[in-house]
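Note: the block below is work_26.cif and it holds mmCIF, C-alpha atoms and all ligand atoms.
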data_query
loop_
_atom_site.label_atom_id
_atom_site.label_comp_id
_atom_site.auth_asym_id
_atom_site.auth_seq_id
_atom_site.Cartn_x
_atom_site.Cartn_y
_atom_site.Cartn_z
CA VAL A 1 5.71 -8.21 -15.19
CA GLU A 2 5.45 -8.03 -11.40
CA GLU A 3 3.10 -5.45 -9.91
CA THR A 4 2.01 -4.45 -6.42
CA TYR A 5 -0.89 -2.57 -4.89
CA ILE A 6 0.26 0.22 -2.58
CA MET A 7 -2.23 2.33 -0.64
CA VAL A 8 -1.76 5.41 1.52
CA LYS A 9 -4.24 4.74 4.32
CA PRO A 10 -6.60 7.46 5.66
CA ASP A 11 -4.17 8.50 8.43
CA GLY A 12 -1.42 9.02 5.85
CA VAL A 13 -3.70 11.25 3.77
CA GLN A 14 -4.97 13.18 6.83
CA ARG A 15 -1.44 13.70 8.16
CA GLY A 16 -0.22 15.11 4.84
CA LEU A 17 2.20 12.22 4.23
CA ALA A 18 0.91 11.15 0.80
CA GLY A 19 3.57 12.98 -1.20
CA GLU A 20 6.38 11.65 1.00
CA ILE A 21 5.08 8.07 0.73
CA ILE A 22 4.60 8.22 -3.06
CA SER A 23 8.07 9.73 -3.32
CA ARG A 24 9.76 6.75 -1.64
CA PHE A 25 8.58 4.37 -4.38
CA GLU A 26 9.18 6.92 -7.14
CA LYS A 27 12.77 7.61 -6.04
CA LYS A 28 13.53 3.90 -5.64
CA GLY A 29 12.97 3.41 -9.36
CA PHE A 30 9.65 1.60 -9.66
CA LYS A 31 7.09 2.57 -12.29
CA LEU A 32 3.73 4.04 -11.33
CA THR A 33 0.89 2.62 -13.46
CA GLY A 34 -2.17 3.68 -11.44
CA LEU A 35 -3.03 6.45 -8.96
CA LYS A 36 -6.24 7.85 -7.48
CA LEU A 37 -7.74 9.43 -4.36
CA PHE A 38 -10.68 7.29 -3.32
CA GLN A 39 -13.25 6.94 -0.54
CA CYS A 40 -13.36 3.20 0.06
CA PRO A 41 -16.79 1.59 0.59
CA LYS A 42 -17.12 -0.86 3.49
CA GLU A 43 -17.72 -3.85 1.16
CA LEU A 44 -14.45 -3.23 -0.69
CA ALA A 45 -12.46 -2.88 2.54
CA GLU A 46 -13.96 -6.20 3.75
CA GLU A 47 -13.09 -7.93 0.47
CA HIS A 48 -9.55 -6.53 0.47
CA TYR A 49 -8.85 -7.70 4.04
CA LYS A 50 -11.05 -10.87 3.88
CA ASP A 51 -8.20 -13.12 5.11
CA LEU A 52 -8.28 -11.18 8.41
CA SER A 53 -12.08 -11.36 8.87
CA SER A 54 -11.82 -13.70 11.88
CA LYS A 55 -9.42 -11.41 13.78
CA SER A 56 -10.62 -9.43 16.78
CA PHE A 57 -9.30 -6.18 15.27
CA PHE A 58 -11.19 -6.69 11.96
CA PRO A 59 -14.08 -4.27 12.73
CA ASN A 60 -11.57 -1.60 13.79
CA LEU A 61 -9.53 -2.25 10.65
CA ILE A 62 -12.57 -1.79 8.39
CA GLU A 63 -13.58 1.38 10.27
CA TYR A 64 -10.00 2.70 9.91
CA ILE A 65 -9.68 2.02 6.18
CA THR A 66 -13.09 3.58 5.41
CA SER A 67 -12.64 6.58 7.76
CA GLY A 68 -11.44 8.93 5.01
CA PRO A 69 -9.99 8.93 1.51
CA VAL A 70 -7.10 6.66 0.63
CA ILE A 71 -4.62 6.96 -2.22
CA CYS A 72 -4.61 3.84 -4.38
CA MET A 73 -1.52 3.02 -6.41
CA ALA A 74 -0.27 0.35 -8.75
CA TRP A 75 3.52 0.05 -9.06
CA GLU A 76 5.42 -2.16 -11.47
CA GLY A 77 8.94 -3.55 -11.56
CA VAL A 78 11.15 -6.60 -11.16
CA GLY A 79 10.92 -7.68 -7.52
CA VAL A 80 8.55 -4.82 -6.66
CA VAL A 81 6.36 -6.79 -4.22
CA ALA A 82 9.09 -7.83 -1.77
CA SER A 83 11.03 -4.59 -2.20
CA ALA A 84 7.95 -2.46 -1.46
CA ARG A 85 7.31 -4.51 1.70
CA LYS A 86 10.90 -3.74 2.77
CA LEU A 87 10.47 -0.03 2.04
CA ILE A 88 7.22 -0.08 4.08
CA GLY A 89 8.65 -1.93 7.10
CA SER A 90 7.09 -4.12 9.82
CA THR A 91 3.34 -4.07 10.53
CA ASN A 92 3.99 -2.62 14.00
CA PRO A 93 5.65 0.77 13.35
CA LEU A 94 7.46 0.62 16.69
CA GLN A 95 9.27 -2.49 15.43
CA ALA A 96 9.81 -1.15 11.91
CA GLU A 97 13.40 -0.20 11.10
CA PRO A 98 14.32 3.48 10.85
CA GLY A 99 14.52 4.33 7.18
CA THR A 100 11.32 2.45 6.40
CA ILE A 101 8.06 4.34 5.85
CA ARG A 102 6.40 2.95 8.99
CA GLY A 103 9.67 3.17 10.96
CA ASP A 104 10.01 6.85 10.12
CA LEU A 105 6.40 8.03 10.06
CA ALA A 106 4.16 6.00 12.39
CA VAL A 107 3.83 4.74 15.99
CA HIS A 108 0.85 2.33 16.08
CA THR A 109 -0.19 -0.88 14.25
CA GLY A 110 -3.73 0.46 13.90
CA ARG A 111 -2.44 3.64 12.20
CA ASN A 112 0.44 2.36 10.10
CA VAL A 113 -0.08 4.77 7.17
CA VAL A 114 0.46 2.46 4.20
CA HIS A 115 -0.46 -0.91 2.69
CA GLY A 116 1.56 -3.13 0.37
CA SER A 117 0.58 -6.44 -1.26
CA ASP A 118 2.25 -9.48 0.33
CA SER A 119 2.73 -11.61 -2.83
CA PRO A 120 2.74 -11.14 -6.62
CA GLU A 121 -0.59 -13.04 -6.77
CA ASN A 122 -2.16 -10.66 -4.25
CA GLY A 123 -0.63 -7.72 -6.11
CA LYS A 124 -2.61 -8.69 -9.21
CA ARG A 125 -5.72 -9.54 -7.18
CA GLU A 126 -5.68 -6.22 -5.31
CA ILE A 127 -5.01 -4.06 -8.40
CA ALA A 128 -8.00 -5.75 -10.10
CA LEU A 129 -10.07 -5.12 -6.97
CA TRP A 130 -9.24 -1.42 -6.51
CA PHE A 131 -8.88 -0.23 -10.11
CA LYS A 132 -11.27 -0.32 -13.05
CA GLU A 133 -10.14 -1.19 -16.54
CA GLY A 134 -8.83 1.99 -18.13
CA GLU A 135 -7.44 3.34 -14.85
CA ILE A 136 -4.15 1.48 -15.30
CA CYS A 137 -1.72 3.19 -17.66
CA GLN A 138 0.94 1.19 -19.51
CA TRP A 139 3.81 3.48 -20.48
CA THR A 140 7.52 3.36 -21.23
CA SER A 141 9.69 5.16 -18.69
CA ALA A 142 12.62 7.10 -20.10
CA GLN A 143 14.59 6.03 -17.02
CA GLY A 144 14.85 2.38 -18.14
CA PRO A 145 18.50 2.31 -19.28
CA TRP A 146 19.55 4.49 -16.30
CA LEU A 147 18.02 2.11 -13.76
CA ARG A 148 19.46 -1.24 -14.81
CA GLU A 149 22.40 -2.57 -16.72
P1 LIG A 201 -1.03 -4.31 5.13
O1 LIG A 201 0.06 -3.87 4.19
O2 LIG A 201 -2.00 -3.20 5.48
O3 LIG A 201 -1.74 -5.55 4.64
O4 LIG A 201 -0.28 -4.65 6.50
P2 LIG A 201 0.63 -5.93 6.83
O5 LIG A 201 0.68 -6.86 5.66
O6 LIG A 201 1.90 -5.43 7.39
O7 LIG A 201 -0.20 -6.61 8.02
P3 LIG A 201 -1.47 -7.61 7.92
O8 LIG A 201 -1.82 -7.89 6.50
O9 LIG A 201 -1.20 -8.74 8.84
O10 LIG A 201 -2.60 -6.71 8.60
C1 LIG A 201 -3.31 -5.75 7.83
C2 LIG A 201 -3.53 -4.51 8.66
O11 LIG A 201 -4.37 -4.80 9.75
C3 LIG A 201 -2.26 -3.94 9.31
O12 LIG A 201 -1.53 -3.12 8.45
C4 LIG A 201 -2.85 -3.13 10.45
O13 LIG A 201 -3.35 -1.87 9.99
C5 LIG A 201 -4.01 -4.01 10.86
N1 LIG A 201 -3.60 -4.90 11.95
C6 LIG A 201 -2.87 -6.03 11.88
N2 LIG A 201 -2.68 -6.57 13.10
C7 LIG A 201 -3.33 -5.74 13.95
C8 LIG A 201 -3.50 -5.74 15.37
O14 LIG A 201 -3.04 -6.63 16.08
N3 LIG A 201 -4.21 -4.70 15.90
C9 LIG A 201 -4.77 -3.71 15.12
N4 LIG A 201 -5.47 -2.73 15.71
N5 LIG A 201 -4.61 -3.68 13.80
C10 LIG A 201 -3.91 -4.68 13.23
MG MG A 202 -1.08 -7.50 4.64
#
Could you take the file, read its structure, and then write that structure out as structure tokens?
Amino acid sequence: VEETYIMVKPDGVQRGLAGEIISRFEKKGFKLTGLKLFQCPKELAEEHYKDLSSKSFFPNLIEYITSGPVICMAWEGVGVVASARKLIGSTNPLQAEPGTIRGDLAVHTGRNVVHGSDSPENGKREIALWFKEGEICQWTSAQGPWLRE
């Protein structure tokens, strides 16, 4: 089943937006399978964003992601990766549509409050990277029949 790694970045935690951000995915109807508050070590941030290591903003990005605790989440559902990216909105919050998390809650690319995996493959890769075995909880939601035909 499709899964995605969603993370409230340090600015989201510091600004008291964690509950609001978690709530968007919860209300949409996806299933939470992992959740923790976590201080990210530099090595993990570098591994997570390794595809961006040649970018000029990479050092700032690593400093940002390790600047305070993040909230790590695994969410599951049909089509969850692309749908979560839509709920999150464009990378630059000033270009993100109103109604999206970044469109509603942020003003700068370097402080865009939330991360979402960009493909099902990366969803699996990132969940394996951020969570240990035993931290992911497989459960049956009572909402199932009320969410889909
Ligand atoms: P994530 O969900 O965090 O992966 O964001 P994204 O997929 O919308 O964007 P991308 O993967 O291209 O970049 C990862 C993160 O790097 C962004 O969310 C920003 O926090 C940061 N970033 C990307 N481009 C820039 C930039 O031009 N300047 C700065 N300062 N940060 C950037
Ligand atoms: Mg990305």
**Message:** Using all atoms listed in the file, which residues have at least one atom no more than 9 Å from ligand LIG 201 (chain A)? Output them as an NGL selection string.
**Reply:** :A and (6-7 or 9 or 48-49 or 51-52 or 55-58 or 60-62 or 64-65 or 85 or 88-92 or 108-118)
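Picture a line from atom CA of Ile127 of chain A to atom CA of Pro59 of chain A; it runs 23.0 Å.
Residues lying at most 10 Å from (-9.5, 7.1, 5.8) in file coordinates, with only C-alpha atoms considered, are Val8, Lys9, Pro10, Asp11, Gly12, Val13, Gln14, Phe38, Gln39, Cys40, Ile62, Glu63, Tyr64, Ile65, Thr66, Ser67, Gly68, Pro69, Val70, Ile71 and Val113 of chain A.
For the pair atom CA of Gly103 of chain A and atom CA of Pro120 of chain A, the interatomic distance is 23.7 Å.
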Can you tell me, as lines of an AutoDock Vina configuration file, the centre and edge lengths (Å, one decimal) of the axis-aligned box enclosing all of segment 79-88 of chain A's listed atoms after padding each side by 3 Å?
center_x = 8.7
center_y = -3.9
center_z = -1.7
size_x = 10.7
size_y = 13.8
size_z = 17.6
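Closest approach to Gly144 of chain A among A:Gly77, A:Glu43, A:Glu20, A:Gly99 is made by A:Gly77 (distances from all atoms listed in the file).
Going from atom CA of Val107 of chain A over to atom CA of Pro93 of chain A, you cover 5.1 Å.
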**Expected answer as a PyMOL selection string: all residues with atoms within 12 Å of (12.5, 3.8, -2.0), all atoms listed in the file** = chain A and resi 20-31+80+83-89+99-101
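Among the candidates A:Leu105, A:Glu97, A:Trp130, A:Val1, the residue lying nearest to Ala18 of chain A is A:Leu105 (atoms considered: only C-alpha atoms).
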**Fill in**
Using all atoms listed in the file, the shortest atom-to-atom distance to Lys50 of chain A among A:Glu126, A:Thr4, A:Trp139, A:Trp146 belongs to A:Glu126
**Message:** With distances taken over all atoms listed in the file, which residue among A:Leu17, A:Leu147, A:Ala74, A:Leu94 lies nearest Arg125 of chain A?
**Reply:** A:Ala74
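Between ligand MG 202 (chain A) and the residues A:Ser119, A:Pro41, A:Gly34, A:Val78, the shortest atom-to-atom distance, using all atoms listed in the file, involves A:Ser119.
Checking A:Glu46, A:Glu3, A:Glu121, A:Glu149 one by one against Gly79 of chain A, counting all atoms listed in the file, you find the shortest gap at A:Glu3.
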Hey, could you patch up segment 10-42 of chain A with N, CA and C atoms and hand it over as a PDB file, keeping the file's coordinate frame?
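What follows is the written file rebuild31.pdb:
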ATOM      1  N   PRO A  10      -5.996   6.158   5.319  1.00  0.00           N
ATOM      2  CA  PRO A  10      -6.600   7.460   5.660  1.00  0.00           C
ATOM      3  C   PRO A  10      -5.757   8.328   6.591  1.00  0.00           C
ATOM      4  N   ASP A  11      -5.030   7.709   7.528  1.00  0.00           N
ATOM      5  CA  ASP A  11      -4.170   8.500   8.430  1.00  0.00           C
ATOM      6  C   ASP A  11      -3.030   9.152   7.661  1.00  0.00           C
ATOM      7  N   GLY A  12      -2.489   8.457   6.671  1.00  0.00           N
ATOM      8  CA  GLY A  12      -1.420   9.020   5.850  1.00  0.00           C
ATOM      9  C   GLY A  12      -1.898  10.223   5.051  1.00  0.00           C
ATOM     10  N   VAL A  13      -3.126  10.127   4.512  1.00  0.00           N
ATOM     11  CA  VAL A  13      -3.700  11.250   3.770  1.00  0.00           C
ATOM     12  C   VAL A  13      -3.965  12.413   4.724  1.00  0.00           C
ATOM     13  N   GLN A  14      -4.624  12.122   5.866  1.00  0.00           N
ATOM     14  CA  GLN A  14      -4.970  13.180   6.830  1.00  0.00           C
ATOM     15  C   GLN A  14      -3.734  13.875   7.389  1.00  0.00           C
ATOM     16  N   ARG A  15      -2.648  13.121   7.569  1.00  0.00           N
ATOM     17  CA  ARG A  15      -1.440  13.700   8.160  1.00  0.00           C
ATOM     18  C   ARG A  15      -0.551  14.391   7.119  1.00  0.00           C
ATOM     19  N   GLY A  16      -0.993  14.412   5.883  1.00  0.00           N
ATOM     20  CA  GLY A  16      -0.220  15.110   4.840  1.00  0.00           C
ATOM     21  C   GLY A  16       1.047  14.364   4.440  1.00  0.00           C
ATOM     22  N   LEU A  17       1.013  13.026   4.531  1.00  0.00           N
ATOM     23  CA  LEU A  17       2.200  12.220   4.230  1.00  0.00           C
ATOM     24  C   LEU A  17       2.156  11.581   2.845  1.00  0.00           C
ATOM     25  N   ALA A  18       1.086  11.851   2.087  1.00  0.00           N
ATOM     26  CA  ALA A  18       0.910  11.150   0.800  1.00  0.00           C
ATOM     27  C   ALA A  18       2.093  11.395  -0.142  1.00  0.00           C
ATOM     28  N   GLY A  19       2.482  12.650  -0.287  1.00  0.00           N
ATOM     29  CA  GLY A  19       3.570  12.980  -1.200  1.00  0.00           C
ATOM     30  C   GLY A  19       4.866  12.278  -0.808  1.00  0.00           C
ATOM     31  N   GLU A  20       5.171  12.310   0.481  1.00  0.00           N
ATOM     32  CA  GLU A  20       6.380  11.650   1.000  1.00  0.00           C
ATOM     33  C   GLU A  20       6.353  10.139   0.715  1.00  0.00           C
ATOM     34  N   ILE A  21       5.188   9.519   0.922  1.00  0.00           N
ATOM     35  CA  ILE A  21       5.080   8.070   0.730  1.00  0.00           C
ATOM     36  C   ILE A  21       5.203   7.719  -0.760  1.00  0.00           C
ATOM     37  N   ILE A  22       4.502   8.455  -1.613  1.00  0.00           N
ATOM     38  CA  ILE A  22       4.600   8.220  -3.060  1.00  0.00           C
ATOM     39  C   ILE A  22       6.053   8.374  -3.504  1.00  0.00           C
ATOM     40  N   SER A  23       6.699   9.398  -2.958  1.00  0.00           N
ATOM     41  CA  SER A  23       8.070   9.730  -3.320  1.00  0.00           C
ATOM     42  C   SER A  23       9.065   8.593  -3.051  1.00  0.00           C
ATOM     43  N   ARG A  24       8.827   7.840  -1.964  1.00  0.00           N
ATOM     44  CA  ARG A  24       9.760   6.750  -1.640  1.00  0.00           C
ATOM     45  C   ARG A  24       9.817   5.708  -2.765  1.00  0.00           C
ATOM     46  N   PHE A  25       8.637   5.375  -3.315  1.00  0.00           N
ATOM     47  CA  PHE A  25       8.580   4.370  -4.380  1.00  0.00           C
ATOM     48  C   PHE A  25       9.083   4.964  -5.709  1.00  0.00           C
ATOM     49  N   GLU A  26       8.766   6.236  -5.916  1.00  0.00           N
ATOM     50  CA  GLU A  26       9.180   6.920  -7.140  1.00  0.00           C
ATOM     51  C   GLU A  26      10.716   7.013  -7.190  1.00  0.00           C
ATOM     52  N   LYS A  27      11.306   7.444  -6.085  1.00  0.00           N
ATOM     53  CA  LYS A  27      12.770   7.610  -6.040  1.00  0.00           C
ATOM     54  C   LYS A  27      13.499   6.282  -6.144  1.00  0.00           C
ATOM     55  N   LYS A  28      12.888   5.216  -5.595  1.00  0.00           N
ATOM     56  CA  LYS A  28      13.530   3.900  -5.640  1.00  0.00           C
ATOM     57  C   LYS A  28      13.765   3.442  -7.067  1.00  0.00           C
ATOM     58  N   GLY A  29      12.808   3.797  -7.956  1.00  0.00           N
ATOM     59  CA  GLY A  29      12.970   3.410  -9.360  1.00  0.00           C
ATOM     60  C   GLY A  29      11.870   2.513  -9.893  1.00  0.00           C
ATOM     61  N   PHE A  30      10.772   2.366  -9.131  1.00  0.00           N
ATOM     62  CA  PHE A  30       9.650   1.600  -9.660  1.00  0.00           C
ATOM     63  C   PHE A  30       8.786   2.482 -10.546  1.00  0.00           C
ATOM     64  N   LYS A  31       7.917   1.840 -11.328  1.00  0.00           N
ATOM     65  CA  LYS A  31       7.090   2.570 -12.290  1.00  0.00           C
ATOM     66  C   LYS A  31       5.645   2.618 -11.826  1.00  0.00           C
ATOM     67  N   LEU A  32       5.118   3.823 -11.728  1.00  0.00           N
ATOM     68  CA  LEU A  32       3.730   4.040 -11.330  1.00  0.00           C
ATOM     69  C   LEU A  32       2.817   3.776 -12.529  1.00  0.00           C
ATOM     70  N   THR A  33       1.821   2.907 -12.341  1.00  0.00           N
ATOM     71  CA  THR A  33       0.890   2.620 -13.460  1.00  0.00           C
ATOM     72  C   THR A  33      -0.558   2.950 -13.112  1.00  0.00           C
ATOM     73  N   GLY A  34      -0.811   3.298 -11.831  1.00  0.00           N
ATOM     74  CA  GLY A  34      -2.170   3.680 -11.440  1.00  0.00           C
ATOM     75  C   GLY A  34      -2.128   4.534 -10.189  1.00  0.00           C
ATOM     76  N   LEU A  35      -3.019   5.535 -10.113  1.00  0.00           N
ATOM     77  CA  LEU A  35      -3.030   6.450  -8.960  1.00  0.00           C
ATOM     78  C   LEU A  35      -4.369   7.168  -8.852  1.00  0.00           C
ATOM     79  N   LYS A  36      -5.001   7.067  -7.681  1.00  0.00           N
ATOM     80  CA  LYS A  36      -6.240   7.850  -7.480  1.00  0.00           C
ATOM     81  C   LYS A  36      -6.518   8.050  -5.987  1.00  0.00           C
ATOM     82  N   LEU A  37      -7.194   9.174  -5.699  1.00  0.00           N
ATOM     83  CA  LEU A  37      -7.740   9.430  -4.360  1.00  0.00           C
ATOM     84  C   LEU A  37      -9.142   8.836  -4.353  1.00  0.00           C
ATOM     85  N   PHE A  38      -9.475   8.109  -3.275  1.00  0.00           N
ATOM     86  CA  PHE A  38     -10.680   7.290  -3.320  1.00  0.00           C
ATOM     87  C   PHE A  38     -11.257   7.076  -1.921  1.00  0.00           C
ATOM     88  N   GLN A  39     -12.555   7.276  -1.791  1.00  0.00           N
ATOM     89  CA  GLN A  39     -13.250   6.940  -0.540  1.00  0.00           C
ATOM     90  C   GLN A  39     -13.712   5.486  -0.639  1.00  0.00           C
ATOM     91  N   CYS A  40     -13.114   4.636   0.157  1.00  0.00           N
ATOM     92  CA  CYS A  40     -13.360   3.200   0.060  1.00  0.00           C
ATOM     93  C   CYS A  40     -14.685   2.794   0.711  1.00  0.00           C
ATOM     94  N   PRO A  41     -15.570   2.115  -0.028  1.00  0.00           N
ATOM     95  CA  PRO A  41     -16.790   1.590   0.590  1.00  0.00           C
ATOM     96  C   PRO A  41     -16.478   0.395   1.504  1.00  0.00           C
ATOM     97  N   LYS A  42     -17.320   0.208   2.494  1.00  0.00           N
ATOM     98  CA  LYS A  42     -17.120  -0.860   3.490  1.00  0.00           C
ATOM     99  C   LYS A  42     -16.938  -2.238   2.830  1.00  0.00           C
TER     100      LYS A  42
END
